[in-house]
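See below for data_8.txt, which holds compact mmCIF, C-alpha atoms and all ligand atoms.
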# COMPACT_ATOMS: atom_id res chain seq x y z
CA MET O 1 28.46 33.53 76.23
CA GLN O 2 32.01 34.31 75.17
CA HIS O 3 32.58 37.94 74.22
CA LYS O 4 33.41 38.17 70.53
CA ILE O 5 35.90 40.60 69.05
CA TYR O 6 35.51 41.41 65.38
CA PHE O 7 38.72 42.54 63.67
CA ASP O 8 37.77 41.53 60.14
CA HIS O 9 35.95 44.60 58.79
CA ALA O 10 37.86 44.43 55.48
CA SER O 11 36.09 41.14 54.88
CA THR O 12 32.62 42.47 55.62
CA THR O 13 30.94 44.93 57.97
CA SER O 14 27.91 45.03 60.24
CA LEU O 15 24.66 46.22 58.71
CA ASN O 16 23.81 49.82 59.55
CA ARG O 17 20.54 50.08 61.50
CA GLU O 18 19.04 52.84 59.32
CA VAL O 19 19.91 50.94 56.15
CA LYS O 20 18.38 47.77 57.58
CA GLU O 21 15.14 49.51 58.59
CA SER O 22 14.73 51.20 55.20
CA TYR O 23 15.43 47.93 53.43
CA ILE O 24 12.87 46.01 55.49
CA LYS O 25 10.22 48.64 54.72
CA LEU O 26 11.06 48.48 51.01
CA LEU O 27 10.64 44.72 50.89
CA ASP O 28 6.87 45.21 51.01
CA LYS O 29 7.07 47.31 47.85
CA PHE O 30 7.59 44.24 45.74
CA TYR O 31 6.54 45.69 42.40
CA ASN O 32 8.80 45.30 39.39
CA SER O 33 10.64 48.58 38.84
CA ASP O 34 10.04 48.26 35.11
CA ALA O 35 6.27 47.80 35.42
CA LEU O 36 4.29 50.64 33.85
CA TYR O 37 1.53 51.04 36.47
CA ASP O 38 1.88 53.64 39.22
CA ASP O 39 3.31 51.37 41.92
CA GLY O 40 6.00 50.05 39.58
CA VAL O 41 6.84 53.56 38.37
CA ALA O 42 7.16 54.74 41.98
CA ILE O 43 9.83 52.09 42.64
CA TYR O 44 11.55 52.97 39.38
CA ARG O 45 11.69 56.64 40.40
CA MET O 46 13.14 55.78 43.81
CA GLN O 47 15.80 53.67 42.17
CA GLU O 48 16.71 56.41 39.69
CA GLU O 49 16.85 58.92 42.53
CA SER O 50 19.25 56.62 44.40
CA ARG O 51 21.41 56.33 41.27
CA MET O 52 21.66 60.12 40.92
CA ARG O 53 22.21 60.66 44.63
CA ILE O 54 25.15 58.26 44.70
CA LEU O 55 26.82 60.04 41.77
CA ASN O 56 26.22 63.38 43.52
CA LEU O 57 27.48 62.10 46.87
CA LEU O 58 30.65 60.84 45.22
CA GLY O 59 30.99 64.09 43.29
CA ILE O 60 31.34 62.41 39.89
CA LYS O 61 30.36 64.49 36.89
CA ASN O 62 29.23 63.32 33.43
CA ALA O 63 28.95 59.75 34.63
CA SER O 64 26.52 56.85 34.80
CA LEU O 65 26.03 54.19 37.44
CA ILE O 66 25.08 50.56 37.03
CA PHE O 67 23.75 48.72 40.07
CA THR O 68 25.38 45.32 40.44
CA SER O 69 25.48 42.41 42.88
CA GLY O 70 28.70 43.76 44.40
CA ALA O 71 32.24 44.72 43.54
CA SER O 72 33.13 41.39 41.93
CA GLU O 73 30.42 41.88 39.33
CA ALA O 74 31.25 45.58 38.92
CA ASN O 75 34.93 44.74 38.33
CA SER O 76 34.07 41.99 35.84
CA LEU O 77 31.71 44.33 33.97
CA ALA O 78 34.22 47.18 33.87
CA ILE O 79 37.05 45.06 32.52
CA LYS O 80 35.33 42.53 30.29
CA GLY O 81 32.49 44.87 29.28
CA LEU O 82 35.02 47.42 28.05
CA ALA O 83 37.16 44.79 26.31
CA PHE O 84 34.20 43.21 24.49
CA LYS O 85 33.01 46.63 23.31
CA ASN O 86 36.46 47.65 22.01
CA PRO O 87 37.88 44.54 20.35
CA SER O 88 40.51 46.31 18.24
CA LYS O 89 42.85 47.05 21.17
CA LYS O 90 44.35 43.98 22.73
CA HIS O 91 46.77 45.20 25.41
CA LEU O 92 45.77 45.69 29.06
CA ILE O 93 47.65 46.79 32.19
CA THR O 94 46.85 45.84 35.76
CA SER O 95 48.76 44.88 38.89
CA ILE O 96 49.68 41.48 40.25
CA TYR O 97 47.98 42.19 43.60
CA GLU O 98 44.44 43.09 42.53
CA HIS O 99 41.40 41.44 44.08
CA ALA O 100 40.55 38.05 42.50
CA SER O 101 37.59 39.57 40.62
CA VAL O 102 39.94 41.94 38.78
CA TYR O 103 42.87 39.56 38.42
CA ASN O 104 40.74 36.69 37.14
CA SER O 105 38.87 38.95 34.70
CA PHE O 106 42.22 39.84 33.15
CA LYS O 107 43.34 36.18 33.24
CA GLN O 108 40.19 35.20 31.40
CA LEU O 109 40.75 37.84 28.72
CA GLU O 110 44.31 36.58 28.38
CA ASP O 111 43.54 32.85 28.40
CA LEU O 112 40.30 32.74 26.41
CA PHE O 113 40.24 35.88 24.28
CA GLY O 114 43.85 36.41 23.20
CA TYR O 115 44.58 39.61 25.13
CA GLU O 116 48.08 40.56 26.22
CA VAL O 117 48.12 41.62 29.87
CA THR O 118 50.95 43.38 31.72
CA TYR O 119 50.85 42.67 35.47
CA LEU O 120 52.75 45.35 37.41
CA LYS O 121 54.45 44.62 40.73
CA PRO O 122 54.21 46.87 43.79
CA ASP O 123 57.25 48.61 45.28
CA LYS O 124 58.53 48.17 48.86
CA ASP O 125 55.64 50.26 50.19
CA GLY O 126 53.16 48.06 48.36
CA MET O 127 52.40 50.76 45.81
CA ILE O 128 52.15 50.73 42.03
CA GLY O 129 54.24 53.53 40.53
CA VAL O 130 53.26 55.88 37.70
CA ASP O 131 56.73 55.25 36.23
CA ASP O 132 55.90 51.60 35.77
CA ILE O 133 52.77 52.49 33.85
CA LYS O 134 54.79 54.93 31.75
CA LYS O 135 57.16 52.08 30.87
CA HIS O 136 54.45 49.69 29.73
CA ILE O 137 51.68 51.77 28.19
CA ARG O 138 51.32 51.41 24.39
CA PRO O 139 49.15 52.77 21.59
CA ASP O 140 47.10 49.54 21.67
CA THR O 141 46.57 49.64 25.47
CA LEU O 142 42.81 49.66 26.04
CA LEU O 143 42.64 49.74 29.82
CA VAL O 144 44.75 50.33 32.92
CA SER O 145 43.21 48.98 36.14
CA ILE O 146 44.86 49.68 39.50
CA MET O 147 43.07 49.34 42.83
CA HIS O 148 42.92 52.31 45.21
CA VAL O 149 43.52 50.50 48.53
CA ASN O 150 44.83 46.95 48.66
CA ASN O 151 42.60 44.59 50.63
CA GLU O 152 45.38 42.49 52.19
CA ILE O 153 48.04 45.04 53.10
CA GLY O 154 46.18 48.37 53.04
CA SER O 155 48.59 50.22 50.77
CA ILE O 156 47.15 53.27 48.99
CA ASN O 157 47.84 53.85 45.32
CA ASP O 158 48.02 57.36 43.93
CA ILE O 159 45.17 56.79 41.49
CA ASN O 160 44.90 60.50 40.77
CA SER O 161 48.42 60.68 39.34
CA ILE O 162 48.07 57.35 37.56
CA GLY O 163 44.74 58.45 36.02
CA LYS O 164 46.18 61.83 35.04
CA PHE O 165 49.14 60.18 33.33
CA VAL O 166 46.91 57.71 31.46
CA LYS O 167 44.56 60.50 30.35
CA GLU O 168 47.31 62.86 29.19
CA ASN O 169 49.60 60.34 27.53
CA SER O 170 47.44 57.63 26.00
CA GLN O 171 44.10 56.64 24.54
CA ALA O 172 43.60 54.07 27.31
CA TYR O 173 40.84 54.11 29.94
CA PHE O 174 41.58 53.99 33.66
CA HIS O 175 39.62 51.82 36.09
CA SER O 176 40.04 51.52 39.83
CA ASP O 177 38.57 49.10 42.35
CA ILE O 178 37.62 51.46 45.20
CA THR O 179 36.00 48.78 47.37
CA GLN O 180 38.46 49.18 50.24
CA SER O 181 38.82 52.95 50.08
CA LEU O 182 35.20 54.11 49.90
CA GLY O 183 34.19 55.46 53.30
CA LYS O 184 37.81 55.25 54.55
CA ILE O 185 39.77 57.82 52.57
CA ASP O 186 38.90 60.49 49.98
CA ILE O 187 38.60 59.21 46.44
CA PRO O 188 39.82 61.44 43.60
CA PHE O 189 37.35 60.70 40.79
CA GLU O 190 38.58 63.39 38.43
CA ASN O 191 40.93 61.18 36.44
CA LEU O 192 39.03 57.92 36.80
CA ASP O 193 37.00 56.54 33.89
CA LEU O 194 35.49 53.64 35.83
CA ALA O 195 35.24 52.68 39.51
CA SER O 196 33.71 49.70 41.32
CA PHE O 197 32.51 49.29 44.87
CA SER O 198 30.50 47.10 47.18
CA ALA O 199 27.83 47.88 49.81
CA HIS O 200 28.74 45.23 52.38
CA LYS O 201 32.18 46.79 53.02
CA ILE O 202 30.49 50.03 54.12
CA HIS O 203 27.76 48.72 56.46
CA GLY O 204 25.40 47.99 53.59
CA LEU O 205 23.78 44.88 52.16
CA LYS O 206 25.56 41.87 50.77
CA GLY O 207 24.81 41.29 47.10
CA SER O 208 24.76 45.02 46.36
CA GLY O 209 27.27 47.33 44.72
CA ALA O 210 27.84 49.49 41.68
CA LEU O 211 30.01 50.38 38.76
CA VAL O 212 30.32 54.06 37.95
CA TYR O 213 31.71 55.11 34.60
CA LYS O 214 32.16 58.31 32.66
CA ASN O 215 29.79 58.89 29.77
CA HIS O 216 32.49 59.00 27.10
CA LEU O 217 32.88 55.23 27.18
CA ASP O 218 30.67 52.27 26.42
CA LEU O 219 30.41 48.74 27.81
CA ALA O 220 29.07 45.44 26.53
CA ALA O 221 26.61 43.65 28.81
CA LEU O 222 27.90 40.57 30.59
CA ILE O 223 24.42 39.53 31.71
CA SER O 224 22.32 39.54 28.58
CA GLY O 225 18.74 40.49 29.16
CA GLY O 226 16.29 43.33 28.92
CA GLN O 227 16.43 47.09 29.14
CA GLN O 228 17.40 47.22 32.82
CA GLU O 229 20.52 49.19 33.75
CA TYR O 230 20.72 50.84 30.30
CA GLY O 231 20.75 47.38 28.71
CA LYS O 232 24.15 46.67 30.27
CA ARG O 233 22.92 44.30 32.97
CA GLY O 234 19.84 42.23 32.30
CA GLY O 235 17.51 40.85 34.95
CA THR O 236 14.79 42.30 37.16
CA SER O 237 16.39 44.99 39.29
CA ASN O 238 17.05 44.34 42.95
CA ALA O 239 15.24 47.62 43.61
CA PRO O 240 15.12 47.55 47.45
CA ALA O 241 18.90 46.97 47.62
CA ASN O 242 19.59 49.55 44.92
CA ILE O 243 17.40 52.15 46.64
CA VAL O 244 19.14 51.78 50.02
CA LEU O 245 22.59 51.97 48.44
CA ALA O 246 22.35 55.79 48.36
CA LYS O 247 21.70 55.88 52.10
CA THR O 248 24.55 53.40 52.65
CA VAL O 249 27.00 55.59 50.72
CA ARG O 250 25.82 58.77 52.47
CA ILE O 251 26.26 57.22 55.92
CA ALA O 252 29.68 55.83 54.95
CA LEU O 253 30.91 59.22 53.76
CA GLU O 254 29.60 60.96 56.88
CA GLY O 255 31.22 58.21 58.98
CA GLN O 256 34.57 58.68 57.22
CA LYS O 257 34.83 62.25 58.52
CA LYS O 258 33.44 61.40 61.94
CA HIS O 259 35.64 58.38 62.66
CA ALA O 260 38.97 59.05 60.92
CA THR O 261 40.78 60.41 64.01
CA TYR O 262 39.46 57.67 66.29
CA VAL O 263 40.45 54.87 63.87
CA LYS O 264 43.92 56.41 63.47
CA GLU O 265 44.35 56.46 67.27
CA LEU O 266 43.33 52.80 67.48
CA HIS O 267 45.69 51.97 64.63
CA ASP O 268 48.64 53.74 66.25
CA TYR O 269 47.89 52.06 69.58
CA LEU O 270 47.72 48.62 67.94
CA ILE O 271 50.95 49.22 65.98
CA SER O 272 52.85 50.28 69.11
CA LYS O 273 51.62 47.16 70.97
CA LEU O 274 52.57 44.92 68.04
CA LYS O 275 56.01 46.51 67.87
CA ASP O 276 56.51 45.77 71.58
CA LEU O 277 55.98 42.11 70.73
CA ARG O 278 58.58 42.38 67.95
CA VAL O 279 56.29 41.03 65.26
CA GLU O 280 56.98 41.94 61.64
CA ILE O 281 54.60 44.62 60.31
CA ASN O 282 53.95 43.95 56.62
CA SER O 283 51.73 46.98 55.96
CA SER O 284 53.46 50.19 55.00
CA ASP O 285 53.15 53.15 57.36
CA LYS O 286 51.83 55.06 54.33
CA GLY O 287 48.81 52.74 54.15
CA THR O 288 45.25 53.00 55.46
CA HIS O 289 44.66 53.08 59.19
CA ASN O 290 41.97 50.45 59.23
CA LEU O 291 44.08 47.56 57.98
CA ILE O 292 47.23 46.04 59.47
CA ASN O 293 49.05 43.01 58.17
CA PHE O 294 51.78 41.43 60.30
CA SER O 295 53.75 38.20 60.60
CA THR O 296 54.94 36.18 63.58
CA SER O 297 56.99 32.99 63.78
CA ILE O 298 53.76 31.02 64.25
CA LYS O 299 51.91 29.60 61.26
CA SER O 300 48.87 31.75 60.61
CA GLU O 301 46.59 28.72 60.57
CA VAL O 302 47.64 27.92 64.16
CA LEU O 303 47.31 31.54 65.24
CA LEU O 304 43.89 31.96 63.62
CA ASN O 305 42.63 28.91 65.51
CA TYR O 306 44.11 30.23 68.72
CA PHE O 307 42.41 33.62 68.27
CA ASN O 308 39.17 31.89 67.34
CA MET O 309 39.29 29.92 70.62
CA TYR O 310 39.23 33.28 72.41
CA GLY O 311 36.43 34.67 70.22
CA ILE O 312 38.74 36.92 68.20
CA MET O 313 37.92 37.10 64.50
CA VAL O 314 40.82 38.00 62.20
CA SER O 315 41.97 36.59 58.88
CA SER O 316 45.22 35.55 57.33
CA ARG O 317 44.57 36.97 53.86
CA SER O 318 41.69 38.07 51.68
CA THR O 319 38.56 36.11 52.65
CA CYS O 320 37.95 35.40 48.96
CA GLY O 321 41.19 33.38 48.96
CA SER O 322 40.83 31.88 52.42
CA ARG O 323 39.97 28.40 51.15
CA GLU O 324 42.51 28.39 48.33
CA ASN O 325 45.72 26.39 48.52
CA GLU O 326 47.54 28.83 46.27
CA PRO O 327 49.85 31.31 48.05
CA SER O 328 48.53 34.87 48.36
CA ARG O 329 49.52 36.85 45.23
CA VAL O 330 49.47 40.02 47.30
CA LEU O 331 51.87 38.95 50.03
CA LYS O 332 54.14 37.19 47.54
CA SER O 333 54.34 40.43 45.53
CA ILE O 334 55.87 42.25 48.52
CA GLY O 335 58.10 39.32 49.49
CA VAL O 336 56.09 38.17 52.52
CA ASP O 337 55.54 34.50 53.33
CA ASP O 338 51.77 34.20 53.60
CA GLU O 339 52.00 31.14 55.83
CA TYR O 340 52.83 33.41 58.76
CA ALA O 341 50.76 36.51 58.00
CA ILE O 342 47.71 37.83 59.83
CA ARG O 343 45.36 40.61 58.66
CA ILE O 344 43.54 42.73 61.22
CA SER O 345 41.00 45.24 60.04
CA ILE O 346 39.47 47.63 62.53
CA ASN O 347 36.79 50.28 62.47
CA GLU O 348 34.93 52.72 64.70
CA GLU O 349 33.11 49.84 66.43
CA ASN O 350 36.37 48.63 68.02
CA ASN O 351 38.09 49.99 71.13
CA ARG O 352 41.37 49.89 73.08
CA GLN O 353 40.15 47.21 75.49
CA GLU O 354 39.66 44.86 72.55
CA ILE O 355 43.16 45.62 71.34
CA ASP O 356 44.56 44.95 74.82
CA TYR O 357 42.75 41.63 74.95
CA PHE O 358 43.95 40.73 71.46
CA ILE O 359 47.54 41.58 72.39
CA ASP O 360 47.33 39.47 75.57
CA VAL O 361 46.13 36.48 73.55
CA LEU O 362 48.84 37.04 70.93
CA LYS O 363 51.49 37.27 73.68
CA GLU O 364 50.25 34.00 75.17
CA ALA O 365 50.34 32.31 71.74
CA ILE O 366 53.90 33.52 71.11
CA GLU O 367 55.01 32.18 74.52
CA LYS O 368 53.38 28.84 73.74
CA TYR O 369 54.31 28.34 70.08
CA GLY O 370 56.76 31.07 69.13
N1 LIG K 1 37.54 44.24 45.56
C1 LIG K 1 38.12 44.28 46.76
C2 LIG K 1 39.35 45.12 46.94
C3 LIG K 1 37.59 43.57 47.84
O1 LIG K 1 38.18 43.64 49.03
C4 LIG K 1 36.43 42.80 47.63
C5 LIG K 1 35.81 42.00 48.77
N2 LIG K 1 36.63 40.99 49.26
C6 LIG K 1 35.86 42.76 46.37
C7 LIG K 1 36.44 43.50 45.35
C8 LIG K 1 34.63 41.94 46.07
O2 LIG K 1 33.50 42.50 46.62
P1 LIG K 1 32.09 41.72 46.64
O3 LIG K 1 32.17 40.81 47.82
O4 LIG K 1 31.07 42.77 46.79
O5 LIG K 1 31.96 41.00 45.35

Written form, structure tokens:
Amino acid sequence: MQHKIYFDHASTTSLNREVKESYIKLLDKFYNSDALYDDGVAIYRMQEESRMRILNLLGIKNASLIFTSGASEANSLAIKGLAFKNPSKKHLITSIYEHASVYNSFKQLEDLFGYEVTYLKPDKDGMIGVDDIKKHIRPDTLLVSIMHVNNEIGSINDINSIGKFVKENSQAYFHSDITQSLGKIDIPFENLDLASFSAHKIHGLKGSGALVYKNHLDLAALISGGQQEYGKRGGTSNAPANIVLAKTVRIALEGQKKHATYVKELHDYLISKLKDLRVEINSSDKGTHNLINFSTSIKSEVLLNYFNMYGIMVSSRSTCGSRENEPSRVLKSIGVDDEYAIRISINEENNRQEIDYFIDVLKEAIEKYG
């Protein structure tokens, strides 16, 4: 069998063995977490313990957590849930290069509910500046939402300074999509009002994630239903997934410390090899170490197929947009032609030999098509 090389960890990650084993054991505890007999209450308690442990692990004070089906749902709930609960303020600020679940939530509020949305553009390093927020924030701004790490180019936004500015100079709330930063870099929660993340990006389960939010704000439910999740997300809880999310977060945070130096070394090695091939690096050198976006003179569709032939898995953009015909908003926002861009995302499971092999294949493709 052909050896496979996985360089698409920003798209999804392998399932951690401990998480998998705990989850499998929990599947036998099928009782409804809202049932009032002992076995139901036991599940309920485990779920509540997981909720509290996640908030403690993240170091967030005076906050609540809602378990969701992932970051897309958490983002939708943060943005639309806040808007529906606070209908008197009709201005919102976000960036043009947010994940589709954020961007399309804002689009929906704009198109269907009469909101005015300001979409900020990133600078040459792919970052959203505090100055830009200063310029656009207004007394009727309800929410500012800026992602921590961008999922296509890996740029890191200074969400601490942005949050601080929003808090000190306006009545607006500040939300950040931390899906790509959790378990990779430290997250400053102090000035965040809401944050969304997903389990499957940190070696957890697909269909699992959470929204954390500070207790001074309130949200309208998007999924109407019963009392589950403080009445803000109806439906029988996915208790086994919710219970193992605490373990997933703990392992991710421990892994962040353990693997940071190794991932940086791999990153630097890969960058130096790419530079030797004179390809254009689209990611800023101030970005995360696990994600590298670059362009060659070969169409990415051709290059992706070529890599695939050799068992190398990479992507050309966000996987959520991989079947869209629209150009990538992210790459367009930094002036990069997405038809030629490739995204590699690495983690501690990769090694130098894989990078060498990848570079050999890339070299061969450039000789053939470049
Ligand atoms: N936000 C970002 C930045 C992402 O990269 C992703 C995953 N592509 C999501 C949100 C959506 O996460 P999920 O798949 O859990 O809905």

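Residues in contact with O:Ser345 at up to 9 Å, not including ones fewer than 5 positions away on its chain and judged by only C-alpha atoms, are Tyr6, Phe7, Asp8, His9, Ala10, Ser11, His289, Asn290, Leu291, Ile292, Asn293, Val314 and Ser315 of chain O.
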
8 Å shell around ligand LIG 1 (chain K) using all atoms listed in the file, listed as a PyMOL selection string | chain O and resi 10-12+69-75+98-102+147+149-152+177-180+196-201+206-209+318-320

Mind dumping the selected residues with C-alpha atoms as a PDB file, in the coordinates of the input?
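Written file, selection-v4.pdb:
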ATOM      1  CA  ALA O  10      37.860  44.430  55.480  1.00  0.00           C
ATOM      2  CA  SER O  11      36.090  41.140  54.880  1.00  0.00           C
ATOM      3  CA  THR O  12      32.620  42.470  55.620  1.00  0.00           C
ATOM      4  CA  SER O  69      25.480  42.410  42.880  1.00  0.00           C
ATOM      5  CA  GLY O  70      28.700  43.760  44.400  1.00  0.00           C
ATOM      6  CA  ALA O  71      32.240  44.720  43.540  1.00  0.00           C
ATOM      7  CA  SER O  72      33.130  41.390  41.930  1.00  0.00           C
ATOM      8  CA  GLU O  73      30.420  41.880  39.330  1.00  0.00           C
ATOM      9  CA  ALA O  74      31.250  45.580  38.920  1.00  0.00           C
ATOM     10  CA  ASN O  75      34.930  44.740  38.330  1.00  0.00           C
ATOM     11  CA  GLU O  98      44.440  43.090  42.530  1.00  0.00           C
ATOM     12  CA  HIS O  99      41.400  41.440  44.080  1.00  0.00           C
ATOM     13  CA  ALA O 100      40.550  38.050  42.500  1.00  0.00           C
ATOM     14  CA  SER O 101      37.590  39.570  40.620  1.00  0.00           C
ATOM     15  CA  VAL O 102      39.940  41.940  38.780  1.00  0.00           C
ATOM     16  CA  MET O 147      43.070  49.340  42.830  1.00  0.00           C
ATOM     17  CA  VAL O 149      43.520  50.500  48.530  1.00  0.00           C
ATOM     18  CA  ASN O 150      44.830  46.950  48.660  1.00  0.00           C
ATOM     19  CA  ASN O 151      42.600  44.590  50.630  1.00  0.00           C
ATOM     20  CA  GLU O 152      45.380  42.490  52.190  1.00  0.00           C
ATOM     21  CA  ASP O 177      38.570  49.100  42.350  1.00  0.00           C
ATOM     22  CA  ILE O 178      37.620  51.460  45.200  1.00  0.00           C
ATOM     23  CA  THR O 179      36.000  48.780  47.370  1.00  0.00           C
ATOM     24  CA  GLN O 180      38.460  49.180  50.240  1.00  0.00           C
ATOM     25  CA  SER O 196      33.710  49.700  41.320  1.00  0.00           C
ATOM     26  CA  PHE O 197      32.510  49.290  44.870  1.00  0.00           C
ATOM     27  CA  SER O 198      30.500  47.100  47.180  1.00  0.00           C
ATOM     28  CA  ALA O 199      27.830  47.880  49.810  1.00  0.00           C
ATOM     29  CA  HIS O 200      28.740  45.230  52.380  1.00  0.00           C
ATOM     30  CA  LYS O 201      32.180  46.790  53.020  1.00  0.00           C
ATOM     31  CA  LYS O 206      25.560  41.870  50.770  1.00  0.00           C
ATOM     32  CA  GLY O 207      24.810  41.290  47.100  1.00  0.00           C
ATOM     33  CA  SER O 208      24.760  45.020  46.360  1.00  0.00           C
ATOM     34  CA  GLY O 209      27.270  47.330  44.720  1.00  0.00           C
ATOM     35  CA  SER O 318      41.690  38.070  51.680  1.00  0.00           C
ATOM     36  CA  THR O 319      38.560  36.110  52.650  1.00  0.00           C
ATOM     37  CA  CYS O 320      37.950  35.400  48.960  1.00  0.00           C
TER      38      CYS O 320
END

Residues within 9 Å of O:Asn86, only C-alpha atoms, excluding chain neighbours under 5 positions, as a ChimeraX atom specification | /O:81,142,218-220

What would the list of residues within 9 Å of (30.3, 59.7, 39.9) (file frame) look like as a PyMOL selection string, if only C-alpha atoms are what count?
-> chain O and resi 52+54-65+189+194-195+212-214

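Of the residues listed (O:Ile146, O:Leu222, O:Ile79, O:Ile312), O:Ile312 shows the shortest atom-to-atom separation from O:Val361; distances use only C-alpha atoms.
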
Atom-to-atom span, atom CA of O:Ser95 and atom CA of O:Asn157, Å = 11.1 Å
